[in-house]
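Undergrad: Sending over a structure as structure tokens; questions will come in a sec.
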Amino acid sequence: MQTPEASSPSSAAPTPRVLSGIQPTADSFHLGNYLGALRQWVALQETHESFYCVVDLHAITVEHDPALLRRRTKVAAAQLLAMGVDPERSALFVQSHVPEHTELAWVLGCLTGFGEAGRMTQFKDKSAKQGTSGTSVGLFTYPILQAADILLYTPEPGEGERVFHVPVGEDQRQHLELTRTLAQRFNHRFGETFTPPEAFIPEGAAKITDLQEPTAKMSKSASSPQGILDVLEEPGPMRKKIMRAVTDTGTEVRYDEEEKAGVTNLLRIFSALEGTSIADLEGRYEGSGYGQFKKDLAQVVLDTFGPIRERTLELLDDEKHLDSILARGAERASAVATRTMDTVRERVGFVGRGH
Ligand code: TRP
């Protein structure tokens with residue numbers, strides 16, 4: 001494995017870079033996070049210089065409890081490590097540890113049109129739910145902070161056309177489009193500075209739906225507790241939820257998004273976790289009904305999440321160690337972020353501090 005440091009500027013194809021972020025807004029990540037994104041973060045370390053960020057600044061765009069945020073930020077980081085994010089290879093860090101995120105967000109905010117920001121569908125949905133009095137300006141500018149998260153780590157155009165990937169789900173596409181627009185706008189006004197990032201849905205990313213409402217996405221904010229499988233869930237309740245997952249009145253274990261959304265979701269989960277094709281699973285469970293299928297699926301889920309849960313708890317038991325990993329991650333991130341920000345300040349016309 002070639003480390004980022006080892007890739008010299010003269011090597012033919014520079015290592016692509018990847019950045020992604022996740023909010024510490026739950027007590028645990030869930031299966032949808034894992035199969036839709038986080039598992040790919042781990043895989044991308046093999047091919048990319050990676051920056052992974054727990055976005056605590058984004059988490060305060062809605063009302064929050066400080067003690068819970070502190071706890072959840074650590075739990076989020078511990079889970080990422082337990083899932084296989086390797087601090088030797090990736091910069092794993094907490095967003096608020098690198099103040100350049102907010103600084104760049106200010107500059108980008110000044111390049112964003114009010115109407116442009118107002119067209120972000122996620123903001124429109126969330127603010128419609130909360131009403132205007134419950135909606136903060138921070139929620140409005142959320143996508144601009146996200147653009148800053150990303151653009152701070154863009155390879156500079158001089159760095160030999162390095163590919164810059166941001167793995168995101170469908171729901172983040174518009175934010176990524178805005179990020180690209182802001183990168184191009186900045187470059188146009190102030191000179192080539194940012195490489196616009198490319199959104200990509202990584203290979204093997206699986207869209208997981210709610211166990212109780214299999215046509216809706218598994219989502220922390222929208223799903224009921226019975227519809228979500230938490231990574232840190234205890235084995236007993238985990239099994240129960242899977243056994244009680246909505247299927248349909250038939251008995252056939254068959255992939256059919258229209259007629260059998262529930263079974264199809266379970267097949268996707270099984271296939272993604274075990275690495276078996278859907279067709280093979282359909283064959284294995286031909287004639288056996290849903291009971292055995294669900295029982296086996298529960299075992300596969302427990303075999304994956306059991307060790308992650310244990311490792312997470314171990315990591316949380318040694319806070320000093322965890323803190324030191326995050327401090328090192330922040331240092332690595334800062335090395336890139338401060339360099340980008342120095343360039344930005346200079347290009348925008350801020351006077352240097354003169355040392
Ligand atoms: N908005 C993203 C989400 O809800 C989280 C996020 C914040 C993010 N900053 C990011 C994702 C930068 C990718 C890159 O999923």
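Here's how to read the names in the structure tokens: chain A, B, ... by the order shown, residue numbers from 1 in each chain, ligand numbers from 1 in the order shown.
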Counting only C-alpha atoms and all ligand atoms, which residues of chain A fall within 9 Å of ligand 1, and what is the closest atom pair for each with its distance in Å at one decimal, ordered by chain and rising number, as JSON lines?
TA:
```
{"residue": "A:Leu19", "atom": "CA", "partner": "ligand 1", "partner_atom_place_in_ligand_line": "14 (C)", "distance": 6.0}
{"residue": "A:Ser20", "atom": "CA", "partner": "ligand 1", "partner_atom_place_in_ligand_line": "13 (C)", "distance": 4.0}
{"residue": "A:Gly21", "atom": "CA", "partner": "ligand 1", "partner_atom_place_in_ligand_line": "8 (C)", "distance": 3.9}
{"residue": "A:Ile22", "atom": "CA", "partner": "ligand 1", "partner_atom_place_in_ligand_line": "5 (C)", "distance": 4.6}
{"residue": "A:Gln23", "atom": "CA", "partner": "ligand 1", "partner_atom_place_in_ligand_line": "5 (C)", "distance": 5.8}
{"residue": "A:Tyr52", "atom": "CA", "partner": "ligand 1", "partner_atom_place_in_ligand_line": "14 (C)", "distance": 8.5}
{"residue": "A:Cys53", "atom": "CA", "partner": "ligand 1", "partner_atom_place_in_ligand_line": "10 (C)", "distance": 7.6}
{"residue": "A:Val54", "atom": "CA", "partner": "ligand 1", "partner_atom_place_in_ligand_line": "7 (C)", "distance": 8.0}
{"residue": "A:Val55", "atom": "CA", "partner": "ligand 1", "partner_atom_place_in_ligand_line": "7 (C)", "distance": 5.7}
{"residue": "A:Asp56", "atom": "CA", "partner": "ligand 1", "partner_atom_place_in_ligand_line": "7 (C)", "distance": 8.9}
{"residue": "A:Leu57", "atom": "CA", "partner": "ligand 1", "partner_atom_place_in_ligand_line": "7 (C)", "distance": 8.8}
{"residue": "A:His58", "atom": "CA", "partner": "ligand 1", "partner_atom_place_in_ligand_line": "7 (C)", "distance": 6.6}
{"residue": "A:Gln95", "atom": "CA", "partner": "ligand 1", "partner_atom_place_in_ligand_line": "9 (N)", "distance": 8.7}
{"residue": "A:Tyr142", "atom": "CA", "partner": "ligand 1", "partner_atom_place_in_ligand_line": "1 (N)", "distance": 7.8}
{"residue": "A:Pro143", "atom": "CA", "partner": "ligand 1", "partner_atom_place_in_ligand_line": "1 (N)", "distance": 7.2}
{"residue": "A:Leu145", "atom": "CA", "partner": "ligand 1", "partner_atom_place_in_ligand_line": "9 (N)", "distance": 7.1}
{"residue": "A:Gln146", "atom": "CA", "partner": "ligand 1", "partner_atom_place_in_ligand_line": "9 (N)", "distance": 4.1}
{"residue": "A:Ala147", "atom": "CA", "partner": "ligand 1", "partner_atom_place_in_ligand_line": "12 (C)", "distance": 6.9}
{"residue": "A:Ala148", "atom": "CA", "partner": "ligand 1", "partner_atom_place_in_ligand_line": "12 (C)", "distance": 8.1}
{"residue": "A:Asp149", "atom": "CA", "partner": "ligand 1", "partner_atom_place_in_ligand_line": "12 (C)", "distance": 5.3}
{"residue": "A:Ile150", "atom": "CA", "partner": "ligand 1", "partner_atom_place_in_ligand_line": "12 (C)", "distance": 5.4}
{"residue": "A:Val166", "atom": "CA", "partner": "ligand 1", "partner_atom_place_in_ligand_line": "14 (C)", "distance": 6.2}
{"residue": "A:Pro167", "atom": "CA", "partner": "ligand 1", "partner_atom_place_in_ligand_line": "13 (C)", "distance": 6.8}
{"residue": "A:Val168", "atom": "CA", "partner": "ligand 1", "partner_atom_place_in_ligand_line": "13 (C)", "distance": 6.1}
{"residue": "A:Gly169", "atom": "CA", "partner": "ligand 1", "partner_atom_place_in_ligand_line": "15 (O)", "distance": 7.4}
{"residue": "A:Asp171", "atom": "CA", "partner": "ligand 1", "partner_atom_place_in_ligand_line": "15 (O)", "distance": 7.8}
{"residue": "A:Gln172", "atom": "CA", "partner": "ligand 1", "partner_atom_place_in_ligand_line": "1 (N)", "distance": 6.4}
{"residue": "A:His175", "atom": "CA", "partner": "ligand 1", "partner_atom_place_in_ligand_line": "1 (N)", "distance": 7.6}
{"residue": "A:Leu176", "atom": "CA", "partner": "ligand 1", "partner_atom_place_in_ligand_line": "14 (C)", "distance": 8.1}
```
Undergrad: Which residues come within 9 Å of Gly134 in chain A, counting only C-alpha atoms, excluding same-chain residues fewer than 4 positions away, as a list in words?
TA: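 Answer for this query is Val62, Glu63, Ser127 and Gln130 of chain A.
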Undergrad: What does the structure give for the distance between CA of Leu326 in chain A and CA of Ala77 in chain A, in Å to one decimal?
TA: 8.0 Å
Undergrad: From the options A:Thr249, A:Glu286, A:Glu177, A:Thr73, which residue's atoms come nearest to Met120 in chain A, counting only C-alpha atoms?
TA: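 The closest residue to Met120 in chain A is A:Glu177.
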Undergrad: Report as JSON, numbers by chain: the residues of range 79-309 of chain A with a DSSP assignment of strand (DSSP E or B), based on the backbone of this structure.
TA: {"A": [90, 91, 92, 93, 94, 164, 165, 166, 167, 198, 199, 200, 209, 217, 230, 256, 260]}
Undergrad: Quick one, how far is CA of Gln184 in chain A from CA of Thr15 in chain A?
TA: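 Answer for the CA of Gln184 in chain A to CA of Thr15 in chain A separation: 22.6 Å.
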Undergrad: Select from range 21-100 of chain A every residue with an atom at most 10 Å from any atom of range 321-324 of chain A, then for each give the shortest pair of atoms and their distance in Å to one decimal, using only C-alpha atoms, rows by chain and rising number, as a Markdown table.
TA:
```
| residue | atom | partner | partner_atom | distance |
| --- | --- | --- | --- | --- |
| A:Lys74 | CA | A:Leu322 | CA | 7.9 |
| A:Val75 | CA | A:Leu322 | CA | 10.0 |
| A:Ala77 | CA | A:Leu322 | CA | 8.1 |
| A:Ala78 | CA | A:Leu322 | CA | 7.3 |
| A:Leu81 | CA | A:Leu322 | CA | 9.4 |
| A:Phe93 | CA | A:Asp323 | CA | 9.9 |
```
Undergrad: Write the residues of the selection above to a file with all heavy atoms, as an mmCIF file, in the first residue's frame.
TA:
```
data_model
loop_
_atom_site.group_PDB
_atom_site.id
_atom_site.type_symbol
_atom_site.label_atom_id
_atom_site.label_comp_id
_atom_site.auth_asym_id
_atom_site.auth_seq_id
_atom_site.Cartn_x
_atom_site.Cartn_y
_atom_site.Cartn_z
ATOM 1 N N LYS A 74 -17.629 11.752 20.027
ATOM 2 C CA LYS A 74 -16.649 10.698 20.344
ATOM 3 C C LYS A 74 -17.148 9.330 19.910
ATOM 4 O O LYS A 74 -16.384 8.519 19.393
ATOM 5 C CB LYS A 74 -16.365 10.698 21.849
ATOM 6 C CG LYS A 74 -15.711 11.996 22.285
ATOM 7 C CD LYS A 74 -14.613 11.789 23.274
ATOM 8 C CE LYS A 74 -13.939 13.138 23.532
ATOM 9 N NZ LYS A 74 -13.132 13.119 24.733
ATOM 10 N N VAL A 75 -18.433 9.089 20.127
ATOM 11 C CA VAL A 75 -18.997 7.794 19.715
ATOM 12 C C VAL A 75 -18.897 7.642 18.191
ATOM 13 O O VAL A 75 -18.587 6.562 17.681
ATOM 14 C CB VAL A 75 -20.462 7.653 20.187
ATOM 15 C CG1 VAL A 75 -21.088 6.374 19.659
ATOM 16 C CG2 VAL A 75 -20.550 7.677 21.710
ATOM 17 N N ALA A 77 -16.643 9.022 16.197
ATOM 18 C CA ALA A 77 -15.246 8.766 15.837
ATOM 19 C C ALA A 77 -14.859 7.328 16.187
ATOM 20 O O ALA A 77 -14.210 6.639 15.389
ATOM 21 C CB ALA A 77 -14.335 9.760 16.551
ATOM 22 N N ALA A 78 -15.280 6.872 17.366
ATOM 23 C CA ALA A 78 -14.930 5.510 17.789
ATOM 24 C C ALA A 78 -15.527 4.485 16.831
ATOM 25 O O ALA A 78 -14.883 3.501 16.460
ATOM 26 C CB ALA A 78 -15.424 5.265 19.213
ATOM 27 N N LEU A 81 -13.538 4.311 13.584
ATOM 28 C CA LEU A 81 -12.304 3.542 13.782
ATOM 29 C C LEU A 81 -12.626 2.055 13.866
ATOM 30 O O LEU A 81 -11.950 1.224 13.250
ATOM 31 C CB LEU A 81 -11.589 4.006 15.057
ATOM 32 C CG LEU A 81 -11.010 5.425 15.009
ATOM 33 C CD1 LEU A 81 -10.656 5.908 16.417
ATOM 34 C CD2 LEU A 81 -9.782 5.480 14.098
ATOM 35 N N PHE A 93 -10.829 13.279 11.667
ATOM 36 C CA PHE A 93 -10.792 14.452 12.548
ATOM 37 C C PHE A 93 -12.168 15.027 12.811
ATOM 38 O O PHE A 93 -13.149 14.682 12.148
ATOM 39 C CB PHE A 93 -9.867 15.524 11.966
ATOM 40 C CG PHE A 93 -10.346 16.134 10.665
ATOM 41 C CD1 PHE A 93 -10.919 17.401 10.637
ATOM 42 C CD2 PHE A 93 -10.241 15.442 9.467
ATOM 43 C CE1 PHE A 93 -11.367 17.968 9.446
ATOM 44 C CE2 PHE A 93 -10.682 15.996 8.269
ATOM 45 C CZ PHE A 93 -11.239 17.255 8.269
#
```
Undergrad: Could you pull out the alpha helix (DSSP H) residues of range 117-250 of chain A from DSSP and send them as a ChimeraX atom specification?
TA: /A:117-118,121-130,137-151,173-190,235-243
Undergrad: List the spatial neighbours of Leu281 in chain A as a list in words - criterion: any atom at most 10 Å away, only C-alpha atoms, same-chain residues fewer than 5 positions off excluded.
TA: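 That gives Val253, Arg254, Tyr255, Leu267, Arg268, Phe270, Ser271, Thr276, Glu286 and Phe293 of chain A.
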Undergrad: Excluding same-chain residues fewer than 4 positions from Thr312 in chain A, what lies within 10 Å of it counting only C-alpha atoms, as a list in words?
TA: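 With the cut-off at 10 Å, the set is Lys74, Val75, Ala76, Ala77, Ala78, Gln79, Leu80, Leu81, Ala82, Met83, Val231, Leu232, Gly306, Pro307, Ile308, Leu316 and Asp317 of chain A.
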Undergrad: Find the residues near Arg39 in chain A: any atom within 12 Å, counting only C-alpha atoms, skip ones fewer than 5 places away on the same chain, and give them as a ChimeraX atom specification.
TA: /A:29-34,44-45,79-85,167,202-206,272-273,304,308
